[in-house]
Structure formats: C-alpha cells, structure tokens
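Visitor: One structure coming up, written as structure tokens, with questions to follow.
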2 protein chains.
Amino acid sequence: MAELSGFSRATVSRVVNGTRRVAPEIQEVVQKAIDELNYVPNPAARSLATQRTDCYAFVITEAESRFFSDDEFFPRLVKGLGDELERAGKQLILVLAHDPAGYARLEKYAVGGHLDGVILGSMHGTDPLPAALARVGVPVVLSGRPLATSDVPYVDVDHRSAVREAVEYLIQSGRRAIATIAGPQDMVGGLERLDGYREALAAAGMQPVVTYGEFTRASGVVAMRELLAKAPEIDAIFIASDLMAEGAMQVLREAGRRIPEDIAIIGFDDMELAKHSDPPLTTIRQPVFELGAALARTVLALKEGRTVEQVTIVPTQLVRRESA
Amino acid sequence: MAELSGFSRATVSRVVNGTRRVAPEIQEVVQKAIDELNYVPNPAARSLATQRTDCYAFVITEAESRFFSDDEFFPRLVKGLGDELERAGKQLILVLAHDPAGYARLEKYAVGGHLDGVILGSMHGTDPLPAALARVGVPVVLSGRPLATSDVPYVDVDHRSAVREAVEYLIQSGRRAIATIAGPQDMVGGLERLDGYREALAAAGMQPVVTYGEFTRASGVVAMRELLAKAPEIDAIFIASDLMAEGAMQVLREAGRRIPEDIAIIGFDDMELAKHSDPPLTTIRQPVFELGAALARTVLALKEGRTVEQVTIVPTQLVRRESA
DNA sequence: TTGTAAGCGTTATCAT
DNA sequence: ATGATAACGCTTACAA
C-alpha cells in the first residue's frame, strides 16, 4: 500500500485494523484509497509483525475414506467450527494427516508458525499428535474425549449419561428385553455409549445383550441379523448410530417385526435420515454445530492466553419420534 | 535462528535451502546446530522475502454434504493432488467456499498472497470464481471441464469417448435395447456421459432410452424403477456412476432380472464397490489419482511461469468384470 | 490524533 | 565460498 492516500503507513494500518482512533475524515480518505487500489494487506508481512497468522487448522487424522464417508458428523462440525472462527475474523483450513509422515508435516507446519491453533478430530486409540503439538506451544483442542488421559482440552457430549437416560426411557416404556448394537470399541463414543447402556440395564437388574458394528449402515445390517439369531426375544434396541439403526430397521422390516409395536429402536446422532426413516427414528441428538462452535471458542481462547475449561460438555437431547 | 552455529545467517539460509555451494564442513556444523535448536524457518518471514507461500488450496465449492458424500472421487483426487504437491515440497490445504461469502473470503485470501495456487473442484453450472482468481493473477486450475468456456486450464477425462466406447461394446455384445441412467445435467460429467451414450446409439441406428439420477445410490434405485416401468424390454444399461449402478442392480435383482444374462450393466468410476457388487461391475475407470497428480503438476507449472496445456486429458479404461 | 522508526525472520544481492 | 546489508510489507512503541 503505497501511502498514495497521502498519509503515513502507520495511519493506514490503523484504519485497516480499526485499532486506535483515527480522525473520521482521514479514515474516509484512506478507506477510499484502499477501495480504489483494491488494497489487501500482505498476510506474510502481517504475520511477521504480529506473530499471528489468523489461520486455524482442522486436522483430519482418520483415513480419508472414513472422513469422507456419508456420515453427516464431520461436515456439520466443520461448519460450526468455520462459522464461529469466521466471526472472529479467522480462517479455517482443513489438513489431512493420516499417517506418520503426515503427522510430521503437520507438526512442522504448525511449529513453523503457519497456524494459530489446531483442532483435532476424533481419533482412534491413543494418539501422540495432540500432546506433541501442545508441547511445542501450539494451541490445541480435541473434538471428543481422547482415550488416553491427557490435559489437552476437549469438547464432547456426555455419551454415557445420554444413553443411560435413553435406555431408562425404554425401561419405563415397559420394554423388558433390551439389546444394543454398540460402536467400535477403540473409539470413546463407541465405548461410552455401551457403558451407558450397561449402567441403565444393571440399575434395572436386566441382562445386557450386546453386538457390535462400525457405525455404518452396512455394519448395522450385519449386527441386526446376528442379534435376531442370537436373541429373537428382544423387544427394544439401543443402536449406537443412526446409520446402523437404519440398516437394522431394514432387517427388522424384512423379518416382519413391527417398529415400535414389536420392537422399539433408539438411535444416536439425529442425522437427517432419522426424520425420514420408516418409521421416523427416536434418537439422541448431538448438537454437532454447537460442538464445532465450542471447539472454535476454546482454541481462540487458548490462543489469546485466556484460561479455558479442560473439558466442555455440550448437552444432548432425546428426540422422540415413532420408533420408540 | 540465532547464528549460534557461528556462521552468518546468509550461510545458514544456504544450507537450509540447499541453494548454492557451502563447504561440507560448515554445512555439517550448521546442520548440527539446526537439529539441536530444533530450528524451523519462519514461514511468514520466508514468504515475505520470497514472495511465495508454498501453499496450495483445493477449494471445495460444493455444499459440504456433497463433498463429504460417500463418493470416493474427492478423497482420491485429494490424495493424488496432495502426494504430488508434497513431492514438490508444497503444502495442500482444503478450503470450503460454498456460498458467495465464502467465495469472497477465498478470493481475498488468495489475492492477499496466502496461496501460491488454487485447485478448484468440479462445479455445477457456470462459476465466476476461477476467472476471478485468474484475473487477479493467482494460478488456477480446474478439476473437470467447466461448463462455460474459459481459458482457465483444466484436467479431465474424456467422458464422451469413454462412454461411447463402452456402449459400442454393449452393442457388439449383441445387446439391442440399451438404456441409460444419466447424471445431473448441470454438470459436465453428467452431460458428456449422456452425449457419449447418444452418439453410440445414433451410430448404430438405435433408439435412446434415458432416465436421470443424481450420481447417488438412492437416485439409482429410483431411476431404475422408473426405467423398468417405462421400458421393461431393455437388455442393457449404461449407468453414469457406480453408485447409481449399485442401486439399480439391487432393484433389478429384486425384480428377478439376472445380470448379465437378462440385462447387462456398465457403470462409471470404478469405485471400490464395483469389485464387490453382485455381480462385480463392469465399469469405466477414471484414474482419479492421476487426475489429482496432473492437477498438481499443472498448477505448479503455472506458478513457475511455465506454459501449460490448457486442457489435460487423462485416459480412462473399460474394466470388464461380470455385469457386462 | 498522527508520524517516525524500529523491528519481525528470512532471502538475495553484492562485495570480499 | 562466505559475510554484510538491503529488501520484503506490515505493526507498534514512542515521539511529536
């Protein structure tokens, strides 16, 4: 920006950034010059001076194939995250880092000062990345409680309580043989949802019946067949994802079981399909948007040096439709 | 990097960048200091000096929901792109820009000098973004031929010829009533694949039978039912995506039609599912990886000021399995 | 309120 | 082959 506006670059900088008071008249003149010249501050120079980049990365640690699966979770999370960051004038970028080489690159990228903060998506098992980043001073926040205990802040829902309450609702509705199709047991969501189910059943003195899926529709089909073979007497199922629930309901229909008359179904997620399934699915809603926004607020706070809660829990809600 | 290594920063810079000759002994000492101090060059400072960022963005212009659909196309493209860029020492970032506000942000981001180049994903209809970016001097390359004529370089397959050849194969196999399930007609892939089908049929003096889907599995189910109702006599179908083909084959099975005995099916994409469908799907393979790599090479060349082909076509292949 | 000037951490030019 | 030194374009004390 040649100060062809007629003023010093300090002044120009002030009006660009809205920092400090500038005489309204000057402000106007400078603004006009900016518009005419189509001036955009050079981010590299700005970063160099401010020690910030205003860029935050959402890191995709899972294999692309899973991230890009037809799950609605990630897209919504990214939207919530992006919107909230944008309100703060920050840019969200997505970066893929699904193997050791990718991790190393990301770490260098972040350490190098390319990033003001990093948001890590849910990950399988224990993962060295968050701690590594935190150690080198990069603000990090996790989407979902990590399996390994760590002091990196995270945002999540209370899977266990949510499921416990949903199963209690089934019990109160008079269901007496309640099974579950659980998720993968190397993910916190999979583990905790199963725990919630077990707790509710134990409290009621009922016997758990457990099968496992991978959160996908296809795995729901398989698990449901298994369940039908091994425990045909069940009259309710808590299914750890809506996708699996959809697959399971199809199997039940084909087997001639009426939902909810013969068997009640409760899912988890409240994806779009829950509204349109046959019958519409009673399910536990995760406020995914809000999770994303909370993630954004946390990492921004971290960057600004404000202290943040190490764990943020956003509330779920049992959405009652017709399947239970 | 305090030149605690004992040498000037010019020298340090040289060994870091491997530019020009440096005495091996000095090189070693400096490298050791770098390792010990865990030194990473500051990218902002580097960008400021070099006028490069070494960052390239893959822009996702479609609604997230489509990008994140269970199509394998984008993930593979991103992988091919990322791998090739990495070989050149560049970083790939993904940015979402699906509404006018997002476009504006991206444009500012790019113009600001944050990006060395931009790769735009396939887009519906005509899109002002590529031209806008090119106009302000940002290297741009398109994944897929744009609907509007433009001089922005693009990389694509030859949908039309690929489909024409596939349909000719059906004709040579003795099929006499060949229908198609076409893709969306606001996307080049959808349009050109339909054109190829029409061309082959016209050349053989046969009558086209056309239905439309959205490239998704569910839309394939719907289109197939429609087709069965309107033209039960068909003995072959070219289906413009494997996903739709999978849906269609399910409907055909339920209707008691044997594949390929009663009806031959050819899909498009050669996604993973093509190998595992029942029966395995004969389909047109798009070398998606290679598309991504070509995209990378093109944008890199553009950035370096080398002249590039305005259109790059990568070859497809008819993969014969059991459905035709 | 505005301007001056000193960084910010590199790379690149030019002597040496 | 190496070392000074001047950019690179911005923000921010500090001075006026």
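We label chains A, B, ... in the order they appear in the structure tokens, count residues from 1 in each chain, and number ligands from 1 in the order shown.
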Excluding Phe215 of chain A and its own-chain neighbours fewer than 3 positions away, which residues fall within 6 Å of it when counting only C-alpha atoms (C1' of nucleotides)? Please give them as a PDB file with N, CA and C atoms, in the first residue's frame.
Guide:
```pdb
ATOM      1  N   GLY A 183     -20.935 -49.430  19.092  1.00  0.00           N
ATOM      2  CA  GLY A 183     -19.998 -48.967  18.077  1.00  0.00           C
ATOM      3  C   GLY A 183     -18.627 -49.578  18.291  1.00  0.00           C
ATOM      4  N   SER A 241     -25.573 -45.689  16.523  1.00  0.00           N
ATOM      5  CA  SER A 241     -25.548 -44.644  15.498  1.00  0.00           C
ATOM      6  C   SER A 241     -26.809 -44.747  14.646  1.00  0.00           C
ATOM      7  N   MET A 244     -26.390 -47.123  11.635  1.00  0.00           N
ATOM      8  CA  MET A 244     -26.581 -48.544  11.961  1.00  0.00           C
ATOM      9  C   MET A 244     -28.059 -48.828  12.204  1.00  0.00           C
TER      10      MET A 244
END
```
Visitor: Sorted by chain and rising residue number, which residues of chain D lie within 12 Å of chain A, and what are their closest atom pairs and distances in Å to one decimal, counting only C-alpha atoms (C1' of nucleotides), as JSON lines?
Guide:
```
{"residue": "D:DC8", "atom": "C1'", "partner": "A:Ala45", "partner_atom": "CA", "distance": 7.6}
{"residue": "D:DG9", "atom": "C1'", "partner": "A:Ala45", "partner_atom": "CA", "distance": 5.0}
{"residue": "D:DC10", "atom": "C1'", "partner": "A:Arg46", "partner_atom": "CA", "distance": 4.8}
{"residue": "D:DT11", "atom": "C1'", "partner": "A:Ala49", "partner_atom": "CA", "distance": 5.5}
{"residue": "D:DT12", "atom": "C1'", "partner": "A:Ala10", "partner_atom": "CA", "distance": 8.6}
{"residue": "D:DA13", "atom": "C1'", "partner": "A:Ala10", "partner_atom": "CA", "distance": 11.6}
```
Visitor: When you get a sec, could you note down which chain C residues fall within 10 Å of chain A, using only C-alpha atoms (C1' of nucleotides), as a list of chain:residue names?
Guide: C:DT1, C:DT2, C:DG3, C:DT4, C:DG7, C:DC8, C:DG9, C:DT10
Visitor: Keeping only N, CA and C atoms (P, O5', C5', C4', C3', O3' and C1' of nucleotides), write the selected residues as a PDB file, in the first residue's frame.
Guide:
```pdb
ATOM      1  P    DT C   1      -7.982  11.138  19.586  1.00  0.00           P
ATOM      2  O5'  DT C   1      -7.552  11.025  18.048  1.00  0.00           O
ATOM      3  C5'  DT C   1      -7.990  12.040  17.167  1.00  0.00           C
ATOM      4  C4'  DT C   1      -6.793  12.528  16.442  1.00  0.00           C
ATOM      5  C3'  DT C   1      -6.333  11.590  15.325  1.00  0.00           C
ATOM      6  O3'  DT C   1      -6.188  12.359  14.145  1.00  0.00           O
ATOM      7  C1'  DT C   1      -4.506  12.175  16.719  1.00  0.00           C
ATOM      8  P    DT C   2      -5.928  11.752  12.761  1.00  0.00           P
ATOM      9  O5'  DT C   2      -4.354  11.670  12.664  1.00  0.00           O
ATOM     10  C5'  DT C   2      -3.651  12.776  12.126  1.00  0.00           C
ATOM     11  C4'  DT C   2      -2.174  12.576  12.332  1.00  0.00           C
ATOM     12  C3'  DT C   2      -1.517  11.571  11.384  1.00  0.00           C
ATOM     13  O3'  DT C   2      -0.772  12.301  10.420  1.00  0.00           O
ATOM     14  C1'  DT C   2      -0.639  11.447  13.583  1.00  0.00           C
ATOM     15  P    DG C   3      -0.038  11.497   9.244  1.00  0.00           P
ATOM     16  O5'  DG C   3       1.440  11.433   9.815  1.00  0.00           O
ATOM     17  C5'  DG C   3       2.075  12.634  10.199  1.00  0.00           C
ATOM     18  C4'  DG C   3       3.432  12.321  10.801  1.00  0.00           C
ATOM     19  C3'  DG C   3       4.323  11.443   9.923  1.00  0.00           C
ATOM     20  O3'  DG C   3       5.654  11.951   9.990  1.00  0.00           O
ATOM     21  C1'  DG C   3       4.074  10.436  12.041  1.00  0.00           C
ATOM     22  P    DT C   4       6.773  11.396   9.048  1.00  0.00           P
ATOM     23  O5'  DT C   4       7.879  10.900  10.067  1.00  0.00           O
ATOM     24  C5'  DT C   4       7.900  11.363  11.399  1.00  0.00           C
ATOM     25  C4'  DT C   4       8.967  10.595  12.170  1.00  0.00           C
ATOM     26  C3'  DT C   4       9.950   9.797  11.319  1.00  0.00           C
ATOM     27  O3'  DT C   4      11.224   9.822  11.961  1.00  0.00           O
ATOM     28  C1'  DT C   4       8.769   8.300  12.722  1.00  0.00           C
ATOM     29  P    DG C   7      15.167  -2.074  17.119  1.00  0.00           P
ATOM     30  O5'  DG C   7      15.065  -2.639  15.636  1.00  0.00           O
ATOM     31  C5'  DG C   7      14.875  -4.034  15.439  1.00  0.00           C
ATOM     32  C4'  DG C   7      13.479  -4.454  15.885  1.00  0.00           C
ATOM     33  C3'  DG C   7      13.175  -5.867  15.439  1.00  0.00           C
ATOM     34  O3'  DG C   7      12.587  -6.601  16.484  1.00  0.00           O
ATOM     35  C1'  DG C   7      11.628  -4.358  14.444  1.00  0.00           C
ATOM     36  P    DC C   8      12.965  -8.084  16.703  1.00  0.00           P
ATOM     37  O5'  DC C   8      11.949  -8.895  15.805  1.00  0.00           O
ATOM     38  C5'  DC C   8      10.570  -9.007  16.118  1.00  0.00           C
ATOM     39  C4'  DC C   8       9.869  -9.623  14.947  1.00  0.00           C
ATOM     40  C3'  DC C   8      10.762 -10.638  14.209  1.00  0.00           C
ATOM     41  O3'  DC C   8      10.450 -11.934  14.697  1.00  0.00           O
ATOM     42  C1'  DC C   8       9.545  -9.184  12.694  1.00  0.00           C
ATOM     43  P    DG C   9      11.687 -12.867  15.173  1.00  0.00           P
ATOM     44  O5'  DG C   9      12.062 -13.599  13.800  1.00  0.00           O
ATOM     45  C5'  DG C   9      11.072 -14.382  13.157  1.00  0.00           C
ATOM     46  C4'  DG C   9      11.568 -14.751  11.778  1.00  0.00           C
ATOM     47  C3'  DG C   9      12.936 -15.425  11.767  1.00  0.00           C
ATOM     48  O3'  DG C   9      12.847 -16.493  10.862  1.00  0.00           O
ATOM     49  C1'  DG C   9      12.964 -13.559  10.351  1.00  0.00           C
ATOM     50  P    DT C  10      13.957 -17.556  10.707  1.00  0.00           P
ATOM     51  O5'  DT C  10      13.855 -17.851   9.140  1.00  0.00           O
ATOM     52  C5'  DT C  10      14.743 -17.195   8.286  1.00  0.00           C
ATOM     53  C4'  DT C  10      13.993 -16.770   7.060  1.00  0.00           C
ATOM     54  C3'  DT C  10      14.850 -16.906   5.832  1.00  0.00           C
ATOM     55  O3'  DT C  10      14.363 -17.962   5.036  1.00  0.00           O
ATOM     56  C1'  DT C  10      14.006 -14.665   6.063  1.00  0.00           C
TER      57       DT C  10
END
```
Visitor: Counting only C-alpha atoms, which residue out of B:Ala218, B:Ala248, B:Leu96, B:Met224 sits closest to chain A?
Guide: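 Checking each candidate against chain A, we get B:Leu96 as the closest.
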Visitor: For chain B, list the residues within 10 Å of chain A, counting only C-alpha atoms, and write the list as a PyMOL selection string.
Guide: chain B and resi 39-49+51-53+57-58+63-76+78-79+82+86+91-96+102+105-106+108-109+111-114
Visitor: Quick one, how far is atom C1' of DA15 of chain C from atom CA of Glu25 of chain B?
Guide: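 Going from atom C1' of DA15 of chain C over to atom CA of Glu25 of chain B, I get 23.5 Å.
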Visitor: Distance atom CA of Ala240 of chain A-atom CA of Val222 of chain A, one decimal place?
Guide: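 Atom CA of Val222 of chain A lies at a distance of 14.1 Å from atom CA of Ala240 of chain A.
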Visitor: DSSP on the backbone, then: every residue of segment 117-148 of chain B marked alpha helix (DSSP H), written as a VMD selection string.
Guide: chain B and resid 129 to 135
Visitor: May I have the selected residues written with N, CA and C atoms, as an mmCIF file, in the first residue's frame?
Guide:
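The resulting file, selection-v4.cif, is shown below:
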```cif
data_model
loop_
_atom_site.group_PDB
_atom_site.id
_atom_site.type_symbol
_atom_site.label_atom_id
_atom_site.label_comp_id
_atom_site.auth_asym_id
_atom_site.auth_seq_id
_atom_site.Cartn_x
_atom_site.Cartn_y
_atom_site.Cartn_z
ATOM 1 N N LEU B 129 -15.878 -17.922 -10.038
ATOM 2 C CA LEU B 129 -14.682 -17.956 -9.205
ATOM 3 C C LEU B 129 -13.376 -18.153 -9.972
ATOM 4 N N PRO B 130 -13.271 -19.156 -10.823
ATOM 5 C CA PRO B 130 -11.973 -19.385 -11.480
ATOM 6 C C PRO B 130 -11.486 -18.161 -12.245
ATOM 7 N N ALA B 131 -12.376 -17.579 -13.022
ATOM 8 C CA ALA B 131 -11.958 -16.414 -13.797
ATOM 9 C C ALA B 131 -11.541 -15.278 -12.877
ATOM 10 N N ALA B 132 -12.293 -15.097 -11.808
ATOM 11 C CA ALA B 132 -11.978 -14.023 -10.868
ATOM 12 C C ALA B 132 -10.580 -14.205 -10.288
ATOM 13 N N LEU B 133 -10.260 -15.427 -9.929
ATOM 14 C CA LEU B 133 -8.942 -15.693 -9.361
ATOM 15 C C LEU B 133 -7.850 -15.508 -10.408
ATOM 16 N N ALA B 134 -8.084 -16.060 -11.573
ATOM 17 C CA ALA B 134 -7.097 -15.951 -12.639
ATOM 18 C C ALA B 134 -6.832 -14.477 -12.951
ATOM 19 N N ARG B 135 -7.892 -13.693 -12.948
ATOM 20 C CA ARG B 135 -7.766 -12.282 -13.289
ATOM 21 C C ARG B 135 -6.816 -11.561 -12.344
#
```
Visitor: By how many Å are atom C1' of DA16 of chain D and atom CA of Glu28 of chain A apart?
Guide: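 A separation of 23.7 Å between them.
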Visitor: Taking the DSSP secondary structure from the backbone, can you list the residues of segment 52-261 of chain B that are strand (DSSP E), as a ChimeraX atom specification?
Guide: /B:55-60,91-96,117-120,140-143,154-156,178-182,209-212,236-239
